[in-house]
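First the structure, in the form of structure tokens, and then the observations on it.
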Protein chains: 2
Amino acid sequence: MLLYNSQLSGNCYKVRLLLAHLGVDYERREMDVIDRSGREEVLGERNPALRVPVLDLDDGRSLAESNAIIWYLGEGTEYVPQDPFDRAKALQWMFFEQYSHEPNIAVLRFWITILGRPERFADRIPGKTRAAIAALDGMERHLAARAFVVAERYSVADIALYAYTHVADEAGLDLAGYPAIRAWLTRVADQPRHVAIEE
Amino acid sequence: MLLYNSQLSGNCYKVRLLLAHLGVDYERREMDVIDRSGREEVLGERNPALRVPVLDLDDGRSLAESNAIIWYLGEGTEYVPQDPFDRAKALQWMFFEQYSHEPNIAVLRFWITILGRPERFADRIPGKTRAAIAALDGMERHLAARAFVVAERYSVADIALYAYTHVADEAGLDLAGYPAIRAWLTRVADQPRHVAIEE
């Protein structure tokens, strides 16, 4: 398999982390997250949104959208629940991640740390920060009584939410007031064959 | 089952449309999309994002996130693909819908038509409109060679994308330049037991 990857991207990290857990070998092709020229040529046929990650399967077909990719790769393994309700809850949190969490935390991290130009986005940072805090508050309430996001087992739902939560400091967010999230981050990082976002 | 519903919401419409296809009876509890007071009390335990739709199952458990709900309800029926790659592609388009499509088209529709106050959001409408057009362009390219979003069969991926595409005019978007989308809208509306968003 070939992963169109950006090492800095939490969305790409989800795929790398699950592939590490699964012990699957794959190639990477690095895409620049700042200079986006050339994406149409490389990704146009593969992903209408022109975003990474994109995964080329061995049969030549391509998948896009990080959470769809990890659901596909995890299906039939211990990383995707089997019970129908647990599966629905995992998807619920993965859609929450893409709608309420990533558009705020990942975008703040991009503005503040990846581009390193918070002053250019000063008018939009307060609103994004409020929405990011609301997402973290929802996670904190959920995790206060749970070891993992769904069914008390580590799953692709944890991987999806871990990707940008564990770098929330790079988005200007302080997790000091989120003890349940911090304990969960440690549990996730303690999983067998865990890899860091830099790897 | 009990659906926490807003009749105006395309996300709630997805659930109503699939339940109509499936011929499943359910109750509705209407939630105001403009006056959001009281949501914490009603939805707080059910959905950390405090959004509708939320579906209470007959066993008392609750599901949130429209696309997770329709995946759960459709699983095992003709509306969710069986082939692993087709399932992944359906999820890819459903994540695309929640990340690239709904946050632009649904939000524009809310500002322009539901609230009816476009002047209040005048500074943000151009950016949202550009992003909405990019999402529609991606759909148009995809549907130009296809009858439905995945595997040439009507599925939950079509339902997810139909919900806000078919009211794009209420978001200030003109579908005249999108013949493949318009033909697909007709095919979706021609499905057995189709209901309109008003129903």
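Each chain of the structure tokens is named A, B, ... in the order shown, its residues numbered from 1; ligands are numbered from 1 in display order.
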Can you give me chain A superposed onto chain B, least-squares on all Cα in order, written as an mmCIF file with C-alpha atoms, in the first residue's frame?
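As a result, part-v2.cif now contains:
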```cif
data_model
loop_
_atom_site.group_PDB
_atom_site.id
_atom_site.type_symbol
_atom_site.label_atom_id
_atom_site.label_comp_id
_atom_site.auth_asym_id
_atom_site.auth_seq_id
_atom_site.Cartn_x
_atom_site.Cartn_y
_atom_site.Cartn_z
ATOM 1 C CA MET A 1 -37.738 4.862 18.747
ATOM 2 C CA LEU A 2 -37.805 8.581 19.510
ATOM 3 C CA LEU A 3 -36.094 11.060 17.180
ATOM 4 C CA TYR A 4 -35.037 14.419 18.619
ATOM 5 C CA ASN A 5 -35.769 16.304 15.430
ATOM 6 C CA SER A 6 -35.696 19.690 13.798
ATOM 7 C CA GLN A 7 -37.877 19.705 10.731
ATOM 8 C CA LEU A 8 -35.679 22.338 9.043
ATOM 9 C CA SER A 9 -32.430 20.438 9.611
ATOM 10 C CA GLY A 10 -30.981 18.481 6.719
ATOM 11 C CA ASN A 11 -29.108 16.315 9.199
ATOM 12 C CA CYS A 12 -32.412 15.282 10.822
ATOM 13 C CA TYR A 13 -33.932 14.806 7.370
ATOM 14 C CA LYS A 14 -31.331 12.106 6.613
ATOM 15 C CA VAL A 15 -32.712 10.021 9.485
ATOM 16 C CA ARG A 16 -36.367 10.666 8.570
ATOM 17 C CA LEU A 17 -35.671 9.765 4.917
ATOM 18 C CA LEU A 18 -33.985 6.460 5.742
ATOM 19 C CA LEU A 19 -36.690 5.555 8.291
ATOM 20 C CA ALA A 20 -39.306 6.252 5.578
ATOM 21 C CA HIS A 21 -37.471 3.947 3.138
ATOM 22 C CA LEU A 22 -37.315 1.275 5.828
ATOM 23 C CA GLY A 23 -40.979 1.723 6.766
ATOM 24 C CA VAL A 24 -40.098 2.047 10.460
ATOM 25 C CA ASP A 25 -42.477 3.871 12.802
ATOM 26 C CA TYR A 26 -41.007 6.310 15.315
ATOM 27 C CA GLU A 27 -41.929 9.301 17.426
ATOM 28 C CA ARG A 28 -40.525 12.794 17.029
ATOM 29 C CA ARG A 29 -39.711 15.450 19.557
ATOM 30 C CA GLU A 30 -39.205 18.793 17.876
ATOM 31 C CA MET A 31 -36.219 20.940 18.921
ATOM 32 C CA ASP A 32 -35.904 24.602 17.963
ATOM 33 C CA VAL A 33 -32.889 25.294 15.729
ATOM 34 C CA ILE A 34 -32.795 28.997 16.568
ATOM 35 C CA ASP A 35 -33.703 29.111 20.278
ATOM 36 C CA ARG A 36 -31.212 26.588 21.640
ATOM 37 C CA SER A 37 -32.037 27.135 25.321
ATOM 38 C CA GLY A 38 -32.990 23.946 27.091
ATOM 39 C CA ARG A 39 -30.792 21.754 24.902
ATOM 40 C CA GLU A 40 -28.431 20.932 27.750
ATOM 41 C CA GLU A 41 -31.312 19.492 29.819
ATOM 42 C CA VAL A 42 -32.785 17.443 26.975
ATOM 43 C CA LEU A 43 -29.694 16.432 24.992
ATOM 44 C CA GLY A 44 -26.825 16.786 27.481
ATOM 45 C CA GLU A 45 -26.689 13.129 28.467
ATOM 46 C CA ARG A 46 -27.413 11.990 24.924
ATOM 47 C CA ASN A 47 -25.012 14.010 22.770
ATOM 48 C CA PRO A 48 -21.982 15.973 23.992
ATOM 49 C CA ALA A 49 -22.331 18.208 20.927
ATOM 50 C CA LEU A 50 -25.930 19.168 21.936
ATOM 51 C CA ARG A 51 -27.025 18.820 18.323
ATOM 52 C CA VAL A 52 -29.955 17.081 16.680
ATOM 53 C CA PRO A 53 -30.606 14.504 15.381
ATOM 54 C CA VAL A 54 -30.409 12.226 18.387
ATOM 55 C CA LEU A 55 -32.169 8.879 18.281
ATOM 56 C CA ASP A 56 -33.363 7.116 21.419
ATOM 57 C CA LEU A 57 -33.510 3.398 20.717
ATOM 58 C CA ASP A 58 -36.241 1.207 22.184
ATOM 59 C CA ASP A 59 -33.801 -0.134 24.798
ATOM 60 C CA GLY A 60 -33.215 3.413 26.102
ATOM 61 C CA ARG A 61 -29.761 3.893 24.592
ATOM 62 C CA SER A 62 -29.114 6.973 22.441
ATOM 63 C CA LEU A 63 -27.181 7.645 19.249
ATOM 64 C CA ALA A 64 -26.032 10.989 17.850
ATOM 65 C CA GLU A 65 -24.389 12.269 14.640
ATOM 66 C CA SER A 66 -26.658 11.917 11.621
ATOM 67 C CA ASN A 67 -24.313 9.806 9.521
ATOM 68 C CA ALA A 68 -23.579 7.406 12.386
ATOM 69 C CA ILE A 69 -27.338 7.022 12.964
ATOM 70 C CA ILE A 70 -28.142 6.235 9.327
ATOM 71 C CA TRP A 71 -25.198 3.832 9.094
ATOM 72 C CA TYR A 72 -26.533 2.001 12.165
ATOM 73 C CA LEU A 73 -30.145 1.930 10.925
ATOM 74 C CA GLY A 74 -29.133 0.929 7.402
ATOM 75 C CA GLU A 75 -26.671 -1.820 8.344
ATOM 76 C CA GLY A 76 -27.892 -5.173 7.041
ATOM 77 C CA THR A 77 -30.349 -3.553 4.600
ATOM 78 C CA GLU A 78 -29.992 -2.605 0.930
ATOM 79 C CA TYR A 79 -29.053 0.938 2.027
ATOM 80 C CA VAL A 80 -25.559 0.082 3.350
ATOM 81 C CA PRO A 81 -23.186 -1.670 0.926
ATOM 82 C CA GLN A 82 -21.871 -5.120 1.813
ATOM 83 C CA ASP A 83 -18.555 -5.125 -0.060
ATOM 84 C CA PRO A 84 -15.715 -3.889 2.199
ATOM 85 C CA PHE A 85 -14.350 -1.397 -0.333
ATOM 86 C CA ASP A 86 -17.826 -0.070 -1.176
ATOM 87 C CA ARG A 87 -18.477 0.352 2.547
ATOM 88 C CA ALA A 88 -15.244 2.327 2.910
ATOM 89 C CA LYS A 89 -16.150 4.506 -0.084
ATOM 90 C CA ALA A 90 -19.594 5.191 1.403
ATOM 91 C CA LEU A 91 -17.951 6.272 4.660
ATOM 92 C CA GLN A 92 -15.405 8.350 2.708
ATOM 93 C CA TRP A 93 -18.232 10.356 1.122
ATOM 94 C CA MET A 94 -20.110 10.620 4.422
ATOM 95 C CA PHE A 95 -17.017 12.069 6.121
ATOM 96 C CA PHE A 96 -16.548 14.352 3.096
ATOM 97 C CA GLU A 97 -20.151 15.479 3.607
ATOM 98 C CA GLN A 98 -19.603 16.370 7.263
ATOM 99 C CA TYR A 99 -16.214 18.023 6.699
ATOM 100 C CA SER A 100 -16.341 19.732 3.277
ATOM 101 C CA HIS A 101 -20.034 20.020 2.374
ATOM 102 C CA GLU A 102 -22.329 20.472 5.377
ATOM 103 C CA PRO A 103 -20.201 23.066 7.242
ATOM 104 C CA ASN A 104 -20.444 25.281 4.171
ATOM 105 C CA ILE A 105 -23.821 24.604 2.532
ATOM 106 C CA ALA A 106 -25.815 24.013 5.722
ATOM 107 C CA VAL A 107 -24.284 27.037 7.431
ATOM 108 C CA LEU A 108 -24.942 29.325 4.425
ATOM 109 C CA ARG A 109 -28.537 28.046 4.334
ATOM 110 C CA PHE A 110 -28.880 28.748 8.046
ATOM 111 C CA TRP A 111 -27.572 32.300 7.732
ATOM 112 C CA ILE A 112 -29.410 33.197 4.504
ATOM 113 C CA THR A 113 -32.730 31.350 4.744
ATOM 114 C CA ILE A 114 -33.383 29.927 8.247
ATOM 115 C CA LEU A 115 -32.238 33.007 10.165
ATOM 116 C CA GLY A 116 -32.868 35.163 7.100
ATOM 117 C CA ARG A 117 -30.054 37.524 8.114
ATOM 118 C CA PRO A 118 -27.380 37.341 5.394
ATOM 119 C CA GLU A 119 -26.290 40.905 6.149
ATOM 120 C CA ARG A 120 -25.181 39.849 9.637
ATOM 121 C CA PHE A 121 -22.752 37.306 8.116
ATOM 122 C CA ALA A 122 -21.699 39.309 5.045
ATOM 123 C CA ASP A 123 -17.987 39.046 5.865
ATOM 124 C CA ARG A 124 -18.075 35.233 6.086
ATOM 125 C CA ILE A 125 -20.450 34.403 3.214
ATOM 126 C CA PRO A 126 -17.856 34.731 0.386
ATOM 127 C CA GLY A 127 -15.415 32.269 1.994
ATOM 128 C CA LYS A 128 -18.148 29.770 2.841
ATOM 129 C CA THR A 129 -19.530 30.108 -0.703
ATOM 130 C CA ARG A 130 -16.138 29.353 -2.257
ATOM 131 C CA ALA A 131 -15.790 26.253 -0.069
ATOM 132 C CA ALA A 132 -19.359 25.154 -0.861
ATOM 133 C CA ILE A 133 -18.649 25.459 -4.594
ATOM 134 C CA ALA A 134 -15.483 23.375 -4.199
ATOM 135 C CA ALA A 135 -17.566 20.645 -2.513
ATOM 136 C CA LEU A 136 -20.194 20.756 -5.265
ATOM 137 C CA ASP A 137 -17.439 20.663 -7.915
ATOM 138 C CA GLY A 138 -16.054 17.492 -6.301
ATOM 139 C CA MET A 139 -19.520 15.909 -6.314
ATOM 140 C CA GLU A 140 -20.126 16.934 -9.937
ATOM 141 C CA ARG A 141 -16.879 15.332 -11.149
ATOM 142 C CA HIS A 142 -17.697 12.167 -9.212
ATOM 143 C CA LEU A 143 -21.321 11.900 -10.373
ATOM 144 C CA ALA A 144 -20.544 12.752 -14.020
ATOM 145 C CA ALA A 145 -19.740 9.072 -14.630
ATOM 146 C CA ARG A 146 -22.022 7.509 -12.017
ATOM 147 C CA ALA A 147 -25.712 7.033 -11.222
ATOM 148 C CA PHE A 148 -25.170 7.037 -7.446
ATOM 149 C CA VAL A 149 -22.339 7.943 -5.086
ATOM 150 C CA VAL A 150 -21.121 4.370 -4.471
ATOM 151 C CA ALA A 151 -21.315 1.112 -6.431
ATOM 152 C CA GLU A 152 -24.081 2.340 -8.771
ATOM 153 C CA ARG A 153 -26.675 1.751 -6.050
ATOM 154 C CA TYR A 154 -28.651 4.137 -3.889
ATOM 155 C CA SER A 155 -27.221 4.045 -0.343
ATOM 156 C CA VAL A 156 -26.808 6.012 2.869
ATOM 157 C CA ALA A 157 -23.996 7.923 1.124
ATOM 158 C CA ASP A 158 -26.575 9.356 -1.297
ATOM 159 C CA ILE A 159 -28.918 10.163 1.588
ATOM 160 C CA ALA A 160 -26.125 11.990 3.447
ATOM 161 C CA LEU A 161 -25.205 14.131 0.432
ATOM 162 C CA TYR A 162 -28.775 14.698 -0.760
ATOM 163 C CA ALA A 163 -29.892 16.302 2.504
ATOM 164 C CA TYR A 164 -28.261 19.694 1.945
ATOM 165 C CA THR A 165 -27.487 19.474 -1.799
ATOM 166 C CA HIS A 166 -31.177 19.450 -2.708
ATOM 167 C CA VAL A 167 -31.718 22.715 -0.798
ATOM 168 C CA ALA A 168 -28.533 24.379 -2.091
ATOM 169 C CA ASP A 169 -30.668 27.214 -3.525
ATOM 170 C CA GLU A 170 -31.566 28.154 0.078
ATOM 171 C CA ALA A 171 -27.810 28.557 0.635
ATOM 172 C CA GLY A 172 -27.559 31.025 -2.248
ATOM 173 C CA LEU A 173 -26.032 28.408 -4.567
ATOM 174 C CA ASP A 174 -27.174 27.881 -8.163
ATOM 175 C CA LEU A 175 -27.062 24.278 -9.414
ATOM 176 C CA ALA A 176 -27.590 25.294 -13.070
ATOM 177 C CA GLY A 177 -23.941 24.541 -13.814
ATOM 178 C CA TYR A 178 -24.111 21.089 -12.215
ATOM 179 C CA PRO A 179 -25.988 18.798 -14.627
ATOM 180 C CA ALA A 180 -24.696 15.565 -13.083
ATOM 181 C CA ILE A 181 -25.792 16.661 -9.603
ATOM 182 C CA ARG A 182 -29.223 17.695 -10.889
ATOM 183 C CA ALA A 183 -29.770 14.348 -12.644
ATOM 184 C CA TRP A 184 -28.686 12.543 -9.456
ATOM 185 C CA LEU A 185 -31.072 14.634 -7.316
ATOM 186 C CA THR A 186 -33.903 13.404 -9.539
ATOM 187 C CA ARG A 187 -32.776 9.791 -9.232
ATOM 188 C CA VAL A 188 -32.684 10.113 -5.442
ATOM 189 C CA ALA A 189 -36.146 11.711 -5.283
ATOM 190 C CA ASP A 190 -37.491 8.867 -7.470
ATOM 191 C CA GLN A 191 -36.544 6.174 -4.938
ATOM 192 C CA PRO A 192 -39.399 4.146 -3.409
ATOM 193 C CA ARG A 193 -40.977 5.701 -0.288
ATOM 194 C CA HIS A 194 -39.017 8.956 -0.705
ATOM 195 C CA VAL A 195 -40.274 11.760 1.517
ATOM 196 C CA ALA A 196 -39.644 15.492 1.257
ATOM 197 C CA ILE A 197 -37.789 17.449 3.926
ATOM 198 C CA GLU A 198 -41.104 19.075 4.970
ATOM 199 C CA GLU A 199 -42.741 15.710 5.739
#
```
Practice problem: Would you list, as a VMD selection string, the residues of segment 14-183 of chain B that end up in alpha helix (DSSP H) under DSSP run on this structure's backbone? | Solution: chain B and resid 14 to 22 39 to 43 66 to 74 84 to 96 102 to 109 125 to 143 156 to 165 179 to 183
Quiz prompt | Residue list (strand (DSSP E), DSSP) for segment 19-123 of chain A, as a list in words | solution =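 DSSP on the backbone gives strand (DSSP E) at Glu27, Arg28, Arg29, Glu30, Val54, Leu55, Asp56, Ser62, Leu63 and Ala64 of chain A.
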